[in-house]
>>> print(open('structure.pdb').read())   # PDB, C-alpha atoms
ATOM      1  CA  MET A   1      36.091  95.368 192.766  1.00  0.00           C
ATOM      2  CA  ASN A   2      38.512  93.859 195.272  1.00  0.00           C
ATOM      3  CA  ALA A   3      41.069  95.709 197.370  1.00  0.00           C
ATOM      4  CA  ASP A   4      43.987  94.485 195.264  1.00  0.00           C
ATOM      5  CA  GLU A   5      42.556  96.018 192.091  1.00  0.00           C
ATOM      6  CA  LYS A   6      41.852  99.300 193.878  1.00  0.00           C
ATOM      7  CA  ARG A   7      45.457  99.446 195.061  1.00  0.00           C
ATOM      8  CA  LEU A   8      46.638  98.612 191.547  1.00  0.00           C
ATOM      9  CA  ILE A   9      44.677 101.461 189.952  1.00  0.00           C
ATOM     10  CA  ALA A  10      45.653 104.011 192.606  1.00  0.00           C
ATOM     11  CA  GLY A  11      49.288 102.942 192.287  1.00  0.00           C
ATOM     12  CA  ILE A  12      49.240 103.239 188.510  1.00  0.00           C
ATOM     13  CA  PHE A  13      47.926 106.800 188.648  1.00  0.00           C
ATOM     14  CA  ALA A  14      50.627 107.689 191.186  1.00  0.00           C
ATOM     15  CA  LEU A  15      53.305 106.114 188.979  1.00  0.00           C
ATOM     16  CA  MET A  16      52.095 107.949 185.904  1.00  0.00           C
ATOM     17  CA  PHE A  17      52.131 111.282 187.722  1.00  0.00           C
ATOM     18  CA  VAL A  18      55.684 110.836 189.002  1.00  0.00           C
ATOM     19  CA  MET A  19      57.287 109.349 185.885  1.00  0.00           C
ATOM     20  CA  CYS A  20      55.674 111.070 182.959  1.00  0.00           C
ATOM     21  CA  ALA A  21      54.833 114.534 181.770  1.00  0.00           C
ATOM     22  CA  VAL A  22      52.411 113.904 178.926  1.00  0.00           C
ATOM     23  CA  ALA A  23      50.986 116.584 176.663  1.00  0.00           C
ATOM     24  CA  PRO A  24      47.203 117.007 176.701  1.00  0.00           C
ATOM     25  CA  VAL A  25      45.305 115.230 173.943  1.00  0.00           C
ATOM     26  CA  ALA A  26      42.138 116.187 172.134  1.00  0.00           C
ATOM     27  CA  LEU A  27      39.189 113.834 171.710  1.00  0.00           C
ATOM     28  CA  ALA A  28      40.020 113.413 168.047  1.00  0.00           C
ATOM     29  CA  GLY A  29      42.419 110.502 167.814  1.00  0.00           C
ATOM     30  CA  SER A  30      42.199 107.605 165.377  1.00  0.00           C
ATOM     31  CA  GLU A  31      43.680 104.196 164.734  1.00  0.00           C
ATOM     32  CA  ALA A  32      46.045 105.863 162.261  1.00  0.00           C
ATOM     33  CA  ALA A  33      46.983 108.640 164.719  1.00  0.00           C
ATOM     34  CA  PRO A  34      46.550 107.241 168.245  1.00  0.00           C
ATOM     35  CA  GLU A  35      47.307 109.170 171.428  1.00  0.00           C
ATOM     36  CA  ILE A  36      48.779 106.067 173.106  1.00  0.00           C
ATOM     37  CA  THR A  37      51.354 103.856 171.372  1.00  0.00           C
ATOM     38  CA  ASP A  38      53.334 100.828 172.483  1.00  0.00           C
ATOM     39  CA  ALA A  39      55.857  98.391 171.060  1.00  0.00           C
ATOM     40  CA  GLU A  40      54.421  95.057 169.976  1.00  0.00           C
ATOM     41  CA  GLY A  41      55.712  91.922 171.637  1.00  0.00           C
ATOM     42  CA  ASP A  42      56.584  93.502 174.999  1.00  0.00           C
ATOM     43  CA  ALA A  43      53.803  91.912 177.053  1.00  0.00           C
ATOM     44  CA  SER A  44      54.870  89.454 179.722  1.00  0.00           C
ATOM     45  CA  GLY A  45      53.988  85.907 178.754  1.00  0.00           C
ATOM     46  CA  GLY A  46      53.108  84.110 181.953  1.00  0.00           C
ATOM     47  CA  GLY A  47      56.273  82.024 181.858  1.00  0.00           C
ATOM     48  CA  TYR A  48      55.582  80.426 178.484  1.00  0.00           C
ATOM     49  CA  ALA A  49      58.441  79.654 176.106  1.00  0.00           C
ATOM     50  CA  ASP A  50      56.929  81.927 173.440  1.00  0.00           C
ATOM     51  CA  PRO A  51      55.380  84.846 175.356  1.00  0.00           C
ATOM     52  CA  THR A  52      55.114  87.072 172.299  1.00  0.00           C
ATOM     53  CA  GLY A  53      52.664  84.757 170.591  1.00  0.00           C
ATOM     54  CA  LEU A  54      50.804  83.407 173.581  1.00  0.00           C
ATOM     55  CA  SER A  55      50.225  86.773 175.242  1.00  0.00           C
ATOM     56  CA  SER A  56      49.045  88.558 172.094  1.00  0.00           C
ATOM     57  CA  PHE A  57      45.546  89.046 173.532  1.00  0.00           C
ATOM     58  CA  ILE A  58      46.986  91.367 176.209  1.00  0.00           C
ATOM     59  CA  ASP A  59      49.744  92.917 174.064  1.00  0.00           C
ATOM     60  CA  ILE A  60      48.810  96.601 173.646  1.00  0.00           C
ATOM     61  CA  VAL A  61      49.471  98.174 170.253  1.00  0.00           C
ATOM     62  CA  SER A  62      47.742 101.556 170.648  1.00  0.00           C
ATOM     63  CA  GLY A  63      44.919 103.506 172.253  1.00  0.00           C
ATOM     64  CA  TRP A  64      42.929 106.569 171.261  1.00  0.00           C
ATOM     65  CA  PHE A  65      39.892 108.710 172.052  1.00  0.00           C
ATOM     66  CA  ASP A  66      37.361 109.620 169.363  1.00  0.00           C
ATOM     67  CA  SER A  67      33.710 109.932 168.308  1.00  0.00           C
ATOM     68  CA  GLU A  68      33.067 112.899 170.585  1.00  0.00           C
ATOM     69  CA  THR A  69      29.492 114.168 170.806  1.00  0.00           C
ATOM     70  CA  ASP A  70      27.778 116.541 173.210  1.00  0.00           C
ATOM     71  CA  ALA A  71      26.953 113.545 175.401  1.00  0.00           C
ATOM     72  CA  ALA A  72      29.859 111.084 175.165  1.00  0.00           C
ATOM     73  CA  PHE A  73      33.166 110.005 173.647  1.00  0.00           C
ATOM     74  CA  ASN A  74      34.817 106.672 172.892  1.00  0.00           C
ATOM     75  CA  THR A  75      37.929 105.064 174.303  1.00  0.00           C
ATOM     76  CA  ASN A  76      39.638 102.533 172.028  1.00  0.00           C
ATOM     77  CA  LEU A  77      42.331  99.968 172.744  1.00  0.00           C
ATOM     78  CA  LYS A  78      43.986  97.928 169.995  1.00  0.00           C
ATOM     79  CA  LEU A  79      45.633  94.619 170.888  1.00  0.00           C
ATOM     80  CA  LYS A  80      48.089  92.543 168.894  1.00  0.00           C
ATOM     81  CA  GLY A  81      45.706  89.586 168.698  1.00  0.00           C
ATOM     82  CA  LEU A  82      42.269  89.334 170.326  1.00  0.00           C
ATOM     83  CA  ASN A  83      41.492  85.649 170.080  1.00  0.00           C
ATOM     84  CA  PRO A  84      37.742  84.887 170.133  1.00  0.00           C
ATOM     85  CA  GLU A  85      38.449  81.589 171.883  1.00  0.00           C
ATOM     86  CA  PRO A  86      41.152  82.157 174.498  1.00  0.00           C
ATOM     87  CA  GLY A  87      40.949  78.494 175.484  1.00  0.00           C
ATOM     88  CA  THR A  88      42.613  77.648 172.177  1.00  0.00           C
ATOM     89  CA  VAL A  89      45.597  79.817 173.097  1.00  0.00           C
ATOM     90  CA  LEU A  90      46.019  79.037 176.776  1.00  0.00           C
ATOM     91  CA  PRO A  91      44.727  76.060 178.763  1.00  0.00           C
ATOM     92  CA  ALA A  92      43.068  78.465 181.194  1.00  0.00           C
ATOM     93  CA  VAL A  93      42.895  82.241 181.572  1.00  0.00           C
ATOM     94  CA  PHE A  94      40.863  84.024 184.230  1.00  0.00           C
ATOM     95  CA  GLY A  95      39.851  87.632 184.711  1.00  0.00           C
ATOM     96  CA  THR A  96      41.595  89.252 181.768  1.00  0.00           C
ATOM     97  CA  THR A  97      41.229  93.008 182.213  1.00  0.00           C
ATOM     98  CA  TYR A  98      41.828  95.920 179.853  1.00  0.00           C
ATOM     99  CA  TYR A  99      42.238  99.463 181.236  1.00  0.00           C
ATOM    100  CA  ILE A 100      42.407 102.915 179.641  1.00  0.00           C
ATOM    101  CA  TYR A 101      43.335 105.755 182.009  1.00  0.00           C
ATOM    102  CA  PHE A 102      42.662 109.447 181.428  1.00  0.00           C
ATOM    103  CA  THR A 103      42.271 112.690 183.357  1.00  0.00           C
ATOM    104  CA  VAL A 104      39.624 115.365 182.791  1.00  0.00           C
ATOM    105  CA  GLY A 105      40.572 118.608 184.506  1.00  0.00           C
ATOM    106  CA  GLU A 106      41.862 117.558 187.924  1.00  0.00           C
ATOM    107  CA  LYS A 107      40.050 114.211 188.149  1.00  0.00           C
ATOM    108  CA  SER A 108      41.294 110.880 186.841  1.00  0.00           C
ATOM    109  CA  TYR A 109      39.211 108.014 185.498  1.00  0.00           C
ATOM    110  CA  VAL A 110      39.551 104.471 184.185  1.00  0.00           C
ATOM    111  CA  ALA A 111      37.496 102.764 181.501  1.00  0.00           C
ATOM    112  CA  ARG A 112      37.706  99.041 182.236  1.00  0.00           C
ATOM    113  CA  CYS A 113      36.795  96.028 180.119  1.00  0.00           C
ATOM    114  CA  TRP A 114      36.785  92.792 182.106  1.00  0.00           C
ATOM    115  CA  GLY A 115      36.734  89.482 180.284  1.00  0.00           C
ATOM    116  CA  ASP A 116      35.385  86.579 182.315  1.00  0.00           C
ATOM    117  CA  PHE A 117      36.978  84.016 180.042  1.00  0.00           C
ATOM    118  CA  THR A 118      36.622  80.847 182.131  1.00  0.00           C
ATOM    119  CA  ALA A 119      38.779  79.667 179.278  1.00  0.00           C
ATOM    120  CA  PHE A 120      38.904  75.917 179.620  1.00  0.00           C
ATOM    121  CA  PRO A 121      38.592  74.127 176.281  1.00  0.00           C
ATOM    122  CA  THR A 122      35.092  73.044 177.298  1.00  0.00           C
ATOM    123  CA  ASP A 123      33.957  76.661 177.801  1.00  0.00           C
ATOM    124  CA  PRO A 124      36.124  79.034 175.751  1.00  0.00           C
ATOM    125  CA  THR A 125      33.656  81.875 175.188  1.00  0.00           C
ATOM    126  CA  PRO A 126      34.462  85.107 177.058  1.00  0.00           C
ATOM    127  CA  ILE A 127      31.843  87.347 178.660  1.00  0.00           C
ATOM    128  CA  TYR A 128      32.806  91.022 178.752  1.00  0.00           C
ATOM    129  CA  THR A 129      31.652  93.749 181.137  1.00  0.00           C
ATOM    130  CA  TYR A 130      32.474  97.462 180.858  1.00  0.00           C
ATOM    131  CA  THR A 131      32.830  99.839 183.809  1.00  0.00           C
ATOM    132  CA  LEU A 132      33.923 103.417 184.533  1.00  0.00           C
ATOM    133  CA  LEU A 133      36.081 103.777 187.667  1.00  0.00           C
ATOM    134  CA  ASP A 134      37.594 106.672 189.580  1.00  0.00           C
ATOM    135  CA  ALA A 135      41.289 107.020 190.423  1.00  0.00           C
ATOM    136  CA  ASP A 136      40.819 104.974 193.603  1.00  0.00           C
ATOM    137  CA  GLY A 137      39.250 102.076 191.714  1.00  0.00           C
ATOM    138  CA  ASN A 138      35.696 102.786 192.867  1.00  0.00           C
ATOM    139  CA  GLU A 139      32.921 102.121 190.377  1.00  0.00           C
ATOM    140  CA  ILE A 140      31.252 105.238 188.978  1.00  0.00           C
ATOM    141  CA  ALA A 141      28.944 103.600 186.464  1.00  0.00           C
ATOM    142  CA  ALA A 142      28.462 100.621 184.210  1.00  0.00           C
ATOM    143  CA  LEU A 143      29.290 101.504 180.610  1.00  0.00           C
ATOM    144  CA  GLU A 144      26.342 100.353 178.560  1.00  0.00           C
ATOM    145  CA  ASN A 145      28.020 100.707 175.168  1.00  0.00           C
ATOM    146  CA  GLY A 146      31.125  98.582 174.819  1.00  0.00           C
ATOM    147  CA  SER A 147      32.407  96.155 172.222  1.00  0.00           C
ATOM    148  CA  VAL A 148      35.242  93.704 171.615  1.00  0.00           C
ATOM    149  CA  ASN A 149      35.913  93.306 167.900  1.00  0.00           C
ATOM    150  CA  VAL A 150      38.069  90.244 167.294  1.00  0.00           C
ATOM    151  CA  ASP A 151      38.368  91.073 163.592  1.00  0.00           C
ATOM    152  CA  THR A 152      39.924  94.512 164.090  1.00  0.00           C
ATOM    153  CA  GLU A 153      41.506  93.575 167.483  1.00  0.00           C
ATOM    154  CA  ILE A 154      39.920  96.716 169.009  1.00  0.00           C
ATOM    155  CA  ILE A 155      38.071  97.168 172.311  1.00  0.00           C
ATOM    156  CA  THR A 156      35.792 100.232 172.352  1.00  0.00           C
ATOM    157  CA  MET A 157      33.992 101.744 175.344  1.00  0.00           C
ATOM    158  CA  THR A 158      31.662 104.759 175.243  1.00  0.00           C
ATOM    159  CA  VAL A 159      32.076 107.147 178.196  1.00  0.00           C
ATOM    160  CA  PRO A 160      29.133 109.452 179.046  1.00  0.00           C
ATOM    161  CA  LYS A 161      30.412 112.978 179.601  1.00  0.00           C
ATOM    162  CA  ASP A 162      28.127 113.564 182.563  1.00  0.00           C
ATOM    163  CA  LYS A 163      30.026 110.822 184.429  1.00  0.00           C
ATOM    164  CA  VAL A 164      33.414 112.533 183.976  1.00  0.00           C
ATOM    165  CA  GLY A 165      32.684 116.145 184.855  1.00  0.00           C
ATOM    166  CA  SER A 166      30.769 117.092 181.696  1.00  0.00           C
ATOM    167  CA  PRO A 167      33.746 118.378 179.663  1.00  0.00           C
ATOM    168  CA  SER A 168      32.864 120.814 176.913  1.00  0.00           C
ATOM    169  CA  ALA A 169      33.359 120.021 173.239  1.00  0.00           C
ATOM    170  CA  GLY A 170      37.029 120.015 172.310  1.00  0.00           C
ATOM    171  CA  SER A 171      38.235 119.638 175.891  1.00  0.00           C
ATOM    172  CA  LEU A 172      41.675 118.140 176.389  1.00  0.00           C
ATOM    173  CA  LEU A 173      42.529 114.963 178.277  1.00  0.00           C
ATOM    174  CA  THR A 174      45.781 114.426 180.189  1.00  0.00           C
ATOM    175  CA  GLN A 175      47.620 111.407 181.636  1.00  0.00           C
ATOM    176  CA  CYS A 176      46.388 109.012 178.954  1.00  0.00           C
ATOM    177  CA  TYR A 177      47.703 105.485 179.393  1.00  0.00           C
ATOM    178  CA  ALA A 178      46.636 101.862 179.092  1.00  0.00           C
ATOM    179  CA  SER A 179      47.333  98.538 180.765  1.00  0.00           C
ATOM    180  CA  THR A 180      46.220  94.925 180.595  1.00  0.00           C
ATOM    181  CA  GLU A 181      46.524  91.911 182.839  1.00  0.00           C
ATOM    182  CA  ALA A 182      45.524  88.262 182.986  1.00  0.00           C
ATOM    183  CA  THR A 183      46.282  85.228 185.120  1.00  0.00           C
ATOM    184  CA  ALA A 184      47.336  82.030 183.378  1.00  0.00           C
ATOM    185  CA  TRP A 185      47.256  78.404 184.419  1.00  0.00           C
ATOM    186  CA  GLY A 186      48.371  75.422 182.425  1.00  0.00           C
ATOM    187  CA  GLU A 187      51.239  73.388 181.076  1.00  0.00           C
ATOM    188  CA  GLY A 188      54.319  75.493 180.449  1.00  0.00           C
ATOM    189  CA  ALA A 189      53.400  78.294 182.849  1.00  0.00           C
ATOM    190  CA  GLU A 190      53.856  78.784 186.541  1.00  0.00           C
ATOM    191  CA  GLU A 191      50.526  78.292 188.244  1.00  0.00           C
ATOM    192  CA  GLY A 192      48.715  81.576 188.727  1.00  0.00           C
ATOM    193  CA  LEU A 193      51.426  83.663 187.065  1.00  0.00           C
ATOM    194  CA  LYS A 194      50.269  87.084 185.932  1.00  0.00           C
ATOM    195  CA  MET A 195      50.570  88.191 182.311  1.00  0.00           C
ATOM    196  CA  GLU A 196      50.511  91.945 181.679  1.00  0.00           C
ATOM    197  CA  ASP A 197      51.369  94.891 179.465  1.00  0.00           C
ATOM    198  CA  ARG A 198      51.547  98.663 179.909  1.00  0.00           C
ATOM    199  CA  ALA A 199      51.467 101.490 177.395  1.00  0.00           C
ATOM    200  CA  PRO A 200      53.400 103.455 176.509  1.00  0.00           C
ATOM    201  CA  ASP A 201      56.529 101.329 176.967  1.00  0.00           C
ATOM    202  CA  ALA A 202      57.092  99.020 179.923  1.00  0.00           C
ATOM    203  CA  ASP A 203      56.146 101.505 182.625  1.00  0.00           C
ATOM    204  CA  PHE A 204      53.928 104.180 181.081  1.00  0.00           C
ATOM    205  CA  GLY A 205      56.619 106.214 179.401  1.00  0.00           C
ATOM    206  CA  THR A 206      60.179 105.244 180.263  1.00  0.00           C
ATOM    207  CA  PRO A 207      61.797 102.875 177.712  1.00  0.00           C
TER
END
>>> encode(input="structure.pdb", output="structure tokens")
Amino acid sequence: MNADEKRLIAGIFALMFVMCAVAPVALAGSEAAPEITDAEGDASGGGYADPTGLSSFIDIVSGWFDSETDAAFNTNLKLKGLNPEPGTVLPAVFGTTYYIYFTVGEKSYVARCWGDFTAFPTDPTPIYTYTLLDADGNEIAALENGSVNVDTEIITMTVPKDKVGSPSAGSLLTQCYASTEATAWGEGAEEGLKMEDRAPDADFGTP
């Protein structure tokens, strides 16, 4: 992870702490009753004329935590439109990243899905990696069980409990948020312009 991403993650946790007082959540959310919600169509569009459509793969709809066992739990992030071939949506997209933030006790963590799209039309297939980070953006562990389902538009990552302080069954999480970002190149966009979304709302809680 580079220094810019570490600063981003540390800054996001600081922003969340200052701006939002969020009630604790149990590890029993669902797509129908998510802990994190966000308006559709509010993702930045990289300067394109129709950002709502073209940025759908980073447009957060909801997030939730479920499937708790003695050993692990799942984080889930639903997007407006996860396209299996990003090169068909944008001429080029690099390093699209999906984050879910949460705090266990006094320690904060990030489950990160990074999509190495290399999304030119000649090579449109993304390669995803899944990682657990601390609040400073340092890697704690690779997450071996992760999936990107383009049919349901849901990204799921399984977090081992022993990597996040071994919370007991039914423990509550606090400061639960999500964000996404990508960098776009191509006709109709400013070169290297970032596309992003945050949930809830535009800045983790303030409309």
>>> atom_distance(input="structure.pdb", atom1="CA of Asp134 in chain A", atom2="CA of Cys176 in chain A")
14.0 Å
>>> atom_distance(input="structure.pdb", atom1="CA of Asp38 in chain A", atom2="CA of Leu173 in chain A")
18.7 Å
>>> closest_residue(input="structure.pdb", among="A:Lys161, A:Lys107, A:Lys194, A:Arg112", to="Phe73 in chain A", atoms="only C-alpha atoms")
A:Lys161
>>> resolve_selection(input="structure.pdb", expression="the PyMOL selection byres ((chain A and resi 96-105) around 9)", output="ChimeraX atom specification")
/A:13,58,63,75-77,93-95,106-117,135,155,164-165,167,171-183
>>> residues_around(input="structure.pdb", residues="Thr69 in chain A", least_positions_apart="5", cutoff="10 Å", atoms="only C-alpha atoms", output="PDB file with C-alpha atoms, in the coordinates of the input")
ATOM      1  CA  LEU A  27      39.189 113.834 171.710  1.00  0.00           C
ATOM      2  CA  ASN A  74      34.817 106.672 172.892  1.00  0.00           C
ATOM      3  CA  PRO A 160      29.133 109.452 179.046  1.00  0.00           C
ATOM      4  CA  LYS A 161      30.412 112.978 179.601  1.00  0.00           C
ATOM      5  CA  SER A 168      32.864 120.814 176.913  1.00  0.00           C
ATOM      6  CA  ALA A 169      33.359 120.021 173.239  1.00  0.00           C
ATOM      7  CA  GLY A 170      37.029 120.015 172.310  1.00  0.00           C
TER       8      GLY A 170
END
>>> build_atoms(input="structure.pdb", residues="range 152-182 of chain A", atoms="N, CA and C atoms", output="mmCIF file, keeping the file's coordinate frame")
data_model
loop_
_atom_site.group_PDB
_atom_site.id
_atom_site.type_symbol
_atom_site.label_atom_id
_atom_site.label_comp_id
_atom_site.auth_asym_id
_atom_site.auth_seq_id
_atom_site.Cartn_x
_atom_site.Cartn_y
_atom_site.Cartn_z
ATOM 1 N N THR A 152 39.029 93.351 164.126
ATOM 2 C CA THR A 152 39.924 94.512 164.090
ATOM 3 C C THR A 152 40.896 94.528 165.264
ATOM 4 N N GLU A 153 40.691 93.652 166.260
ATOM 5 C CA GLU A 153 41.506 93.575 167.483
ATOM 6 C C GLU A 153 41.325 94.823 168.349
ATOM 7 N N ILE A 154 40.148 95.456 168.302
ATOM 8 C CA ILE A 154 39.920 96.716 169.009
ATOM 9 C C ILE A 154 38.809 96.562 170.045
ATOM 10 N N ILE A 155 39.073 97.069 171.250
ATOM 11 C CA ILE A 155 38.071 97.168 172.311
ATOM 12 C C ILE A 155 37.635 98.624 172.396
ATOM 13 N N THR A 156 36.337 98.875 172.306
ATOM 14 C CA THR A 156 35.792 100.232 172.352
ATOM 15 C C THR A 156 34.819 100.357 173.508
ATOM 16 N N MET A 157 34.933 101.446 174.267
ATOM 17 C CA MET A 157 33.992 101.744 175.344
ATOM 18 C C MET A 157 33.531 103.186 175.216
ATOM 19 N N THR A 158 32.233 103.418 175.332
ATOM 20 C CA THR A 158 31.662 104.759 175.243
ATOM 21 C C THR A 158 31.499 105.328 176.642
ATOM 22 N N VAL A 159 32.095 106.504 176.882
ATOM 23 C CA VAL A 159 32.076 107.147 178.196
ATOM 24 C C VAL A 159 31.107 108.324 178.169
ATOM 25 N N PRO A 160 30.035 108.298 178.970
ATOM 26 C CA PRO A 160 29.133 109.452 179.046
ATOM 27 C C PRO A 160 29.844 110.644 179.682
ATOM 28 N N LYS A 161 29.724 111.803 179.076
ATOM 29 C CA LYS A 161 30.412 112.978 179.601
ATOM 30 C C LYS A 161 29.919 113.383 180.984
ATOM 31 N N ASP A 162 28.638 113.141 181.260
ATOM 32 C CA ASP A 162 28.127 113.564 182.563
ATOM 33 C C ASP A 162 28.690 112.723 183.710
ATOM 34 N N LYS A 163 29.394 111.642 183.398
ATOM 35 C CA LYS A 163 30.026 110.822 184.429
ATOM 36 C C LYS A 163 31.475 111.226 184.680
ATOM 37 N N VAL A 164 32.011 112.120 183.833
ATOM 38 C CA VAL A 164 33.414 112.533 183.976
ATOM 39 C C VAL A 164 33.532 114.055 183.997
ATOM 40 N N GLY A 165 32.602 114.704 184.670
ATOM 41 C CA GLY A 165 32.684 116.145 184.855
ATOM 42 C C GLY A 165 32.114 116.982 183.745
ATOM 43 N N SER A 166 31.426 116.376 182.798
ATOM 44 C CA SER A 166 30.769 117.092 181.696
ATOM 45 C C SER A 166 31.718 118.030 180.954
ATOM 46 N N PRO A 167 32.826 117.509 180.412
ATOM 47 C CA PRO A 167 33.746 118.378 179.663
ATOM 48 C C PRO A 167 33.078 118.948 178.423
ATOM 49 N N SER A 168 33.435 120.168 178.094
ATOM 50 C CA SER A 168 32.864 120.814 176.913
ATOM 51 C C SER A 168 33.485 120.242 175.645
ATOM 52 N N ALA A 169 32.850 120.507 174.525
ATOM 53 C CA ALA A 169 33.359 120.021 173.239
ATOM 54 C C ALA A 169 34.782 120.523 173.013
ATOM 55 N N GLY A 170 35.655 119.637 172.581
ATOM 56 C CA GLY A 170 37.029 120.015 172.310
ATOM 57 C C GLY A 170 37.923 120.066 173.530
ATOM 58 N N SER A 171 37.407 119.647 174.683
ATOM 59 C CA SER A 171 38.235 119.638 175.891
ATOM 60 C C SER A 171 39.409 118.680 175.730
ATOM 61 N N LEU A 172 40.475 118.956 176.475
ATOM 62 C CA LEU A 172 41.675 118.140 176.389
ATOM 63 C C LEU A 172 41.736 117.146 177.541
ATOM 64 N N LEU A 173 42.270 115.970 177.261
ATOM 65 C CA LEU A 173 42.529 114.963 178.277
ATOM 66 C C LEU A 173 44.025 114.944 178.582
ATOM 67 N N THR A 174 44.382 114.582 179.813
ATOM 68 C CA THR A 174 45.781 114.426 180.189
ATOM 69 C C THR A 174 45.975 113.046 180.807
ATOM 70 N N GLN A 175 47.252 112.682 181.023
ATOM 71 C CA GLN A 175 47.620 111.407 181.636
ATOM 72 C C GLN A 175 46.865 110.243 180.991
ATOM 73 N N CYS A 176 47.074 110.069 179.709
ATOM 74 C CA CYS A 176 46.388 109.012 178.954
ATOM 75 C C CYS A 176 47.310 107.804 178.811
ATOM 76 N N TYR A 177 46.895 106.690 179.366
ATOM 77 C CA TYR A 177 47.703 105.485 179.393
ATOM 78 C C TYR A 177 46.801 104.271 179.245
ATOM 79 N N ALA A 178 47.411 103.097 179.170
ATOM 80 C CA ALA A 178 46.636 101.862 179.092
ATOM 81 C C ALA A 178 47.413 100.739 179.758
ATOM 82 N N SER A 179 46.686 99.735 180.236
ATOM 83 C CA SER A 179 47.333 98.538 180.765
ATOM 84 C C SER A 179 46.405 97.348 180.600
ATOM 85 N N THR A 180 46.985 96.168 180.667
ATOM 86 C CA THR A 180 46.220 94.925 180.595
ATOM 87 C C THR A 180 46.816 93.937 181.578
ATOM 88 N N GLU A 181 45.999 92.975 181.994
ATOM 89 C CA GLU A 181 46.524 91.911 182.839
ATOM 90 C C GLU A 181 45.639 90.679 182.739
ATOM 91 N N ALA A 182 46.251 89.526 182.959
ATOM 92 C CA ALA A 182 45.524 88.262 182.986
ATOM 93 C C ALA A 182 46.300 87.304 183.877
#
